[in-house]
>>> print(open('model_32.cif').read())   # mmCIF, C-alpha atoms
data_final
#
loop_
_atom_site.label_atom_id
_atom_site.label_comp_id
_atom_site.auth_asym_id
_atom_site.auth_seq_id
_atom_site.Cartn_x
_atom_site.Cartn_y
_atom_site.Cartn_z
CA MET D 28 -6.24 21.54 4.31
CA LYS D 29 -9.04 22.03 6.79
CA THR D 30 -9.42 19.99 9.98
CA LYS D 31 -12.37 19.23 12.23
CA LEU D 32 -12.91 17.03 15.29
CA ALA D 33 -16.56 15.96 15.43
CA GLU D 34 -18.28 16.71 18.72
CA GLN D 35 -20.63 13.74 18.51
CA ASN D 36 -19.74 10.05 18.46
CA ILE D 37 -20.09 8.46 15.02
CA LYS D 38 -20.18 4.74 14.33
CA TYR D 39 -17.94 4.07 11.33
CA GLU D 40 -19.49 1.45 9.05
CA GLY D 41 -17.58 2.01 5.81
CA TRP D 42 -20.33 3.72 3.82
CA GLN D 43 -19.05 7.09 5.10
CA LEU D 44 -16.03 6.71 2.81
CA CYS D 45 -17.79 8.44 -0.07
CA PRO D 46 -17.45 11.71 -1.98
CA HIS D 47 -18.49 14.85 -0.13
CA TRP D 48 -19.34 13.08 3.14
CA ILE D 49 -17.32 15.75 4.96
CA TYR D 50 -18.99 18.58 3.03
CA LYS D 51 -22.51 17.20 3.56
CA ASN D 52 -22.06 16.50 7.28
CA PHE D 53 -19.68 19.25 8.43
CA LYS D 54 -20.08 21.96 5.73
CA ILE D 55 -16.34 21.84 5.00
CA GLN D 56 -15.67 22.17 1.29
CA GLY D 57 -12.37 21.19 -0.32
CA ASP D 58 -9.43 19.20 1.00
CA ALA D 59 -10.16 18.25 4.60
CA ILE D 60 -9.63 15.72 7.36
CA VAL D 61 -12.25 15.01 10.02
CA GLY D 62 -11.68 13.01 13.20
CA PHE D 63 -14.37 11.28 15.23
CA ILE D 64 -14.72 8.69 17.97
CA GLY D 65 -17.10 5.77 17.95
CA GLU D 66 -17.59 2.09 17.41
CA CYS D 67 -16.26 0.70 14.13
CA GLU D 68 -18.00 -2.14 12.35
CA VAL D 69 -17.29 -2.58 8.65
CA LYS D 70 -19.03 -5.60 7.17
CA LEU D 71 -17.68 -7.30 4.06
CA THR D 72 -20.42 -5.71 1.94
CA GLU D 73 -19.06 -2.22 2.77
CA MET D 74 -15.36 -3.09 2.45
CA VAL D 75 -13.23 -1.12 0.00
CA ASP D 76 -10.16 -3.34 0.52
CA ILE D 77 -10.70 -6.30 -1.81
CA GLU D 78 -7.95 -8.28 -0.06
CA ASP D 79 -9.89 -8.10 3.22
CA VAL D 80 -13.03 -9.26 1.41
CA ILE D 81 -11.22 -12.21 -0.19
CA ASN D 82 -9.72 -13.14 3.20
CA ASN D 83 -13.12 -12.74 4.93
CA GLU D 84 -11.73 -10.14 7.37
CA PRO D 85 -14.40 -7.67 8.49
CA ILE D 86 -13.30 -4.82 10.76
CA TYR D 87 -14.55 -4.28 14.29
CA SER D 88 -13.51 -2.07 17.17
CA LYS D 89 -15.53 -1.37 20.30
CA SER D 90 -14.12 2.16 20.26
CA MET D 91 -12.03 3.72 17.52
CA LEU D 92 -10.60 7.12 16.67
CA SER D 93 -11.35 7.46 12.95
CA PHE D 94 -10.05 9.96 10.45
CA ILE D 95 -11.70 10.50 7.08
CA SER D 96 -9.90 12.69 4.60
CA GLU D 97 -11.11 13.79 1.20
CA GLN D 98 -8.58 15.35 -1.14
CA PHE D 99 -9.25 16.67 -4.64
CA ASN D 100 -7.25 16.98 -7.86
CA ILE D 101 -4.90 14.07 -7.15
CA GLY D 102 -4.60 10.52 -8.44
CA LEU D 103 -4.87 7.31 -6.47
CA VAL D 104 -1.12 6.71 -6.24
CA GLU D 105 -0.62 10.19 -4.75
CA GLY D 106 -3.58 9.46 -2.48
CA VAL D 107 -1.85 6.32 -1.20
CA PHE D 108 1.30 8.40 -0.59
CA ARG D 109 -0.83 10.82 1.43
CA GLN D 110 -2.41 7.90 3.30
CA ARG D 111 1.09 6.67 4.22
CA LEU D 112 1.99 10.21 5.29
CA LEU D 113 -1.00 10.19 7.65
CA ILE D 114 0.17 6.85 9.09
CA CYS D 115 3.70 8.25 9.55
CA THR D 116 2.24 11.36 11.22
CA ILE D 117 0.33 9.18 13.70
CA LYS D 118 3.50 7.18 14.36
CA GLU D 119 5.48 10.38 15.02
CA VAL D 120 2.87 11.72 17.45
CA LEU D 121 2.86 8.42 19.36
CA GLU D 122 6.65 8.20 19.41
CA LYS D 123 6.84 11.77 20.71
CA ARG D 124 4.77 10.47 23.64
CA GLY D 125 7.37 7.77 24.28
CA PHE D 126 5.83 4.72 22.56
CA LYS D 127 7.74 2.34 20.30
CA ILE D 128 5.55 1.94 17.24
CA ILE D 129 6.28 -0.28 14.25
CA ARG D 130 4.98 0.61 10.79
CA ASN D 131 4.42 -2.00 8.11
CA GLY D 132 3.01 -0.32 5.01
CA ASP D 133 -0.19 1.40 6.06
CA ASP D 134 -0.46 -0.47 9.39
CA LEU D 135 0.88 0.52 12.81
CA PHE D 136 1.67 -1.98 15.57
CA PHE D 137 2.32 -1.60 19.28
CA ASP D 138 3.87 -4.50 21.16
CA GLY D 139 3.30 -6.77 18.15
CA LYS D 140 -0.43 -6.02 18.08
CA LYS D 141 -2.27 -4.16 15.32
CA LEU D 142 -3.17 -0.61 16.30
CA THR D 143 -4.66 0.78 13.07
CA VAL D 144 -6.71 0.09 9.97
CA SER D 145 -6.35 2.23 6.88
CA ILE D 146 -7.46 2.42 3.26
CA ALA D 147 -7.24 4.91 0.41
CA THR D 148 -9.53 4.81 -2.61
CA LYS D 149 -10.53 6.98 -5.52
CA SER D 150 -13.97 8.36 -6.29
CA GLN D 151 -14.97 10.19 -9.48
CA THR D 152 -14.10 13.50 -7.84
CA SER D 153 -11.52 12.85 -5.14
CA VAL D 154 -9.28 10.53 -3.17
CA LEU D 155 -10.77 9.26 0.08
CA ILE D 156 -8.78 8.01 3.06
CA HIS D 157 -10.01 6.29 6.20
CA THR D 158 -7.61 5.57 9.01
CA GLY D 159 -8.82 4.19 12.30
CA ILE D 160 -6.89 3.77 15.54
CA ASN D 161 -8.27 1.40 18.14
CA ILE D 162 -9.06 3.09 21.43
CA ASP D 163 -10.35 -0.07 23.10
CA SER D 164 -9.13 -3.33 21.55
CA THR D 165 -11.68 -5.53 23.37
CA ASN D 166 -13.31 -8.08 21.02
CA ALA D 167 -11.28 -7.02 17.97
CA PRO D 168 -11.20 -9.84 15.37
CA VAL D 169 -7.38 -9.68 15.24
CA ASN D 170 -4.64 -9.44 17.86
CA ALA D 171 -5.03 -5.70 18.47
CA SER D 172 -3.84 -2.91 20.72
CA GLY D 173 -5.65 0.31 21.64
CA LEU D 174 -4.76 3.88 22.53
CA THR D 175 -6.42 3.64 25.95
CA SER D 176 -6.56 -0.11 26.59
CA GLU D 177 -2.86 -0.79 25.95
CA LEU D 178 -1.08 2.56 25.61
CA GLY D 179 -2.96 4.34 28.42
CA ILE D 180 -3.71 7.45 26.35
CA THR D 181 -6.85 9.10 27.69
CA ASP D 182 -6.69 12.55 26.04
CA ILE D 183 -8.02 11.20 22.74
CA GLU D 184 -9.41 14.55 21.58
CA ASN D 185 -6.07 16.34 22.02
CA PHE D 186 -4.27 13.43 20.38
CA ALA D 187 -6.67 13.58 17.40
CA LYS D 188 -6.24 17.33 16.99
CA GLU D 189 -2.45 17.02 17.11
CA VAL D 190 -2.48 14.32 14.42
CA MET D 191 -4.84 16.27 12.15
CA ASN D 192 -3.01 19.57 12.59
CA ASN D 193 0.40 17.99 11.93
CA TYR D 194 -0.95 16.17 8.86
CA ALA D 195 -2.68 19.24 7.44
CA GLU D 196 0.43 21.37 7.99
CA GLU D 197 2.58 18.75 6.24
CA ILE D 198 0.25 18.57 3.22
CA ASP D 199 0.03 22.36 3.01
CA ASP D 200 3.83 22.65 3.32
CA ILE D 201 4.38 20.10 0.53
CA ILE D 202 2.06 22.01 -1.77
CA MET D 203 3.75 25.32 -0.87
CA ALA D 204 7.21 23.80 -1.43
CA SER D 205 6.15 22.83 -4.94
CA THR D 206 5.48 26.50 -5.74
CA LYS D 207 8.91 27.85 -4.85
CA VAL D 208 11.13 25.99 -7.30
CA ARG D 209 12.23 26.98 -10.78
CA GLY D 210 11.52 24.46 -13.51
CA VAL D 211 14.51 22.95 -15.33
#
>>> encode(input="model_32.cif", output="structure tokens")
Amino acid sequence: MKTKLAEQNIKYEGWQLCPHWIYKNFKIQGDAIVGFIGECEVKLTEMVDIEDVINNEPIYSKSMLSFISEQFNIGLVEGVFRQRLLICTIKEVLEKRGFKIIRNGDDLFFDGKKLTVSIATKSQTSVLIHTGINIDSTNAPVNASGLTSELGITDIENFAKEVMNNYAEEIDDIIMASTKVRGV
């Protein structure tokens, strides 16, 4: 799996969760994960999570570290497993830095406050994952925490690269492990 941290800020509005967005914008073809920093504002009309639409829960973050991953030749259930693996990877990186993080499904919490948003969906050609981690929780529509505002993490770029590298290595290792066993 290829990784890339975008140099420019990108406002995440939900429409970016579409097939080949990574290929079209970063010229990375195949399974990939891209990280970027920017405001996040997903209106109900762009929501993929039907539960959030029903509950009238748009997403907003003044500053968010977002990851978009596109992965091919897998089904939605496997895509959700991979989404959860990304969440667990983020949790591990934060815990390695000394933070007590709670995971509930595909959500992470710090000090009882929501730290992340995440969704996995299927397109005609791939599985798409968006996971966002608040950097600044100011004006979030829910009781939220942020990497900088509450956890004091300021090296967001290094944090993002560590998460993406660990995740990509884990995915690659899983695929490699599947090639070394004898069928029974």
>>> resolve_selection(input="model_32.cif", expression="the PyMOL selection byres ((chain D and resi 142-157) around 9)", output="ChimeraX atom specification")
/D:41,44-47,60,75-76,86,93-103,105-107,109-110,114,133-137,140-141,158-162,164,171-174
>>> write_last_selection(input="model_32.cif", atoms="C-alpha atoms", output="PDB file, in the coordinates of the input")
ATOM      1  CA  GLY D  41     -17.580   2.010   5.810  1.00  0.00           C
ATOM      2  CA  LEU D  44     -16.030   6.710   2.810  1.00  0.00           C
ATOM      3  CA  CYS D  45     -17.790   8.440  -0.070  1.00  0.00           C
ATOM      4  CA  PRO D  46     -17.450  11.710  -1.980  1.00  0.00           C
ATOM      5  CA  HIS D  47     -18.490  14.850  -0.130  1.00  0.00           C
ATOM      6  CA  ILE D  60      -9.630  15.720   7.360  1.00  0.00           C
ATOM      7  CA  VAL D  75     -13.230  -1.120   0.000  1.00  0.00           C
ATOM      8  CA  ASP D  76     -10.160  -3.340   0.520  1.00  0.00           C
ATOM      9  CA  ILE D  86     -13.300  -4.820  10.760  1.00  0.00           C
ATOM     10  CA  SER D  93     -11.350   7.460  12.950  1.00  0.00           C
ATOM     11  CA  PHE D  94     -10.050   9.960  10.450  1.00  0.00           C
ATOM     12  CA  ILE D  95     -11.700  10.500   7.080  1.00  0.00           C
ATOM     13  CA  SER D  96      -9.900  12.690   4.600  1.00  0.00           C
ATOM     14  CA  GLU D  97     -11.110  13.790   1.200  1.00  0.00           C
ATOM     15  CA  GLN D  98      -8.580  15.350  -1.140  1.00  0.00           C
ATOM     16  CA  PHE D  99      -9.250  16.670  -4.640  1.00  0.00           C
ATOM     17  CA  ASN D 100      -7.250  16.980  -7.860  1.00  0.00           C
ATOM     18  CA  ILE D 101      -4.900  14.070  -7.150  1.00  0.00           C
ATOM     19  CA  GLY D 102      -4.600  10.520  -8.440  1.00  0.00           C
ATOM     20  CA  LEU D 103      -4.870   7.310  -6.470  1.00  0.00           C
ATOM     21  CA  GLU D 105      -0.620  10.190  -4.750  1.00  0.00           C
ATOM     22  CA  GLY D 106      -3.580   9.460  -2.480  1.00  0.00           C
ATOM     23  CA  VAL D 107      -1.850   6.320  -1.200  1.00  0.00           C
ATOM     24  CA  ARG D 109      -0.830  10.820   1.430  1.00  0.00           C
ATOM     25  CA  GLN D 110      -2.410   7.900   3.300  1.00  0.00           C
ATOM     26  CA  ILE D 114       0.170   6.850   9.090  1.00  0.00           C
ATOM     27  CA  ASP D 133      -0.190   1.400   6.060  1.00  0.00           C
ATOM     28  CA  ASP D 134      -0.460  -0.470   9.390  1.00  0.00           C
ATOM     29  CA  LEU D 135       0.880   0.520  12.810  1.00  0.00           C
ATOM     30  CA  PHE D 136       1.670  -1.980  15.570  1.00  0.00           C
ATOM     31  CA  PHE D 137       2.320  -1.600  19.280  1.00  0.00           C
ATOM     32  CA  LYS D 140      -0.430  -6.020  18.080  1.00  0.00           C
ATOM     33  CA  LYS D 141      -2.270  -4.160  15.320  1.00  0.00           C
ATOM     34  CA  THR D 158      -7.610   5.570   9.010  1.00  0.00           C
ATOM     35  CA  GLY D 159      -8.820   4.190  12.300  1.00  0.00           C
ATOM     36  CA  ILE D 160      -6.890   3.770  15.540  1.00  0.00           C
ATOM     37  CA  ASN D 161      -8.270   1.400  18.140  1.00  0.00           C
ATOM     38  CA  ILE D 162      -9.060   3.090  21.430  1.00  0.00           C
ATOM     39  CA  SER D 164      -9.130  -3.330  21.550  1.00  0.00           C
ATOM     40  CA  ALA D 171      -5.030  -5.700  18.470  1.00  0.00           C
ATOM     41  CA  SER D 172      -3.840  -2.910  20.720  1.00  0.00           C
ATOM     42  CA  GLY D 173      -5.650   0.310  21.640  1.00  0.00           C
ATOM     43  CA  LEU D 174      -4.760   3.880  22.530  1.00  0.00           C
TER      44      LEU D 174
END
>>> closest_residue(input="model_32.cif", among="D:Ile55, D:Met28, D:Asn166, D:Glu40", to="Asp200 of chain D", atoms="only C-alpha atoms")
D:Met28
>>> residues_around(input="model_32.cif", residues="Glu196 of chain D", least_positions_apart="6", cutoff="12 Å", atoms="all atoms listed in the file", output="PyMOL selection string")
chain D and resi 28-30+59-60+112-113+116+188-190+202-204
>>> write_last_selection(input="model_32.cif", atoms="C-alpha atoms", output="PDB file, in the coordinates of the input")
ATOM      1  CA  MET D  28      -6.240  21.540   4.310  1.00  0.00           C
ATOM      2  CA  LYS D  29      -9.040  22.030   6.790  1.00  0.00           C
ATOM      3  CA  THR D  30      -9.420  19.990   9.980  1.00  0.00           C
ATOM      4  CA  ALA D  59     -10.160  18.250   4.600  1.00  0.00           C
ATOM      5  CA  ILE D  60      -9.630  15.720   7.360  1.00  0.00           C
ATOM      6  CA  LEU D 112       1.990  10.210   5.290  1.00  0.00           C
ATOM      7  CA  LEU D 113      -1.000  10.190   7.650  1.00  0.00           C
ATOM      8  CA  THR D 116       2.240  11.360  11.220  1.00  0.00           C
ATOM      9  CA  LYS D 188      -6.240  17.330  16.990  1.00  0.00           C
ATOM     10  CA  GLU D 189      -2.450  17.020  17.110  1.00  0.00           C
ATOM     11  CA  VAL D 190      -2.480  14.320  14.420  1.00  0.00           C
ATOM     12  CA  ILE D 202       2.060  22.010  -1.770  1.00  0.00           C
ATOM     13  CA  MET D 203       3.750  25.320  -0.870  1.00  0.00           C
ATOM     14  CA  ALA D 204       7.210  23.800  -1.430  1.00  0.00           C
TER      15      ALA D 204
END
>>> atom_distance(input="model_32.cif", atom1="atom CA of Asn193 of chain D", atom2="atom CA of Thr206 of chain D")
20.3 Å
>>> resolve_selection(input="model_32.cif", expression="the PyMOL selection byres ((chain D and resi 88) around 8)", output="PDB file with C-alpha atoms, in the coordinates of the input")
ATOM      1  CA  GLU D  66     -17.590   2.090  17.410  1.00  0.00           C
ATOM      2  CA  CYS D  67     -16.260   0.700  14.130  1.00  0.00           C
ATOM      3  CA  GLU D  68     -18.000  -2.140  12.350  1.00  0.00           C
ATOM      4  CA  ILE D  86     -13.300  -4.820  10.760  1.00  0.00           C
ATOM      5  CA  TYR D  87     -14.550  -4.280  14.290  1.00  0.00           C
ATOM      6  CA  LYS D  89     -15.530  -1.370  20.300  1.00  0.00           C
ATOM      7  CA  SER D  90     -14.120   2.160  20.260  1.00  0.00           C
ATOM      8  CA  MET D  91     -12.030   3.720  17.520  1.00  0.00           C
ATOM      9  CA  ASN D 161      -8.270   1.400  18.140  1.00  0.00           C
ATOM     10  CA  ASP D 163     -10.350  -0.070  23.100  1.00  0.00           C
ATOM     11  CA  SER D 164      -9.130  -3.330  21.550  1.00  0.00           C
ATOM     12  CA  THR D 165     -11.680  -5.530  23.370  1.00  0.00           C
ATOM     13  CA  ASN D 166     -13.310  -8.080  21.020  1.00  0.00           C
ATOM     14  CA  ALA D 167     -11.280  -7.020  17.970  1.00  0.00           C
TER      15      ALA D 167
END
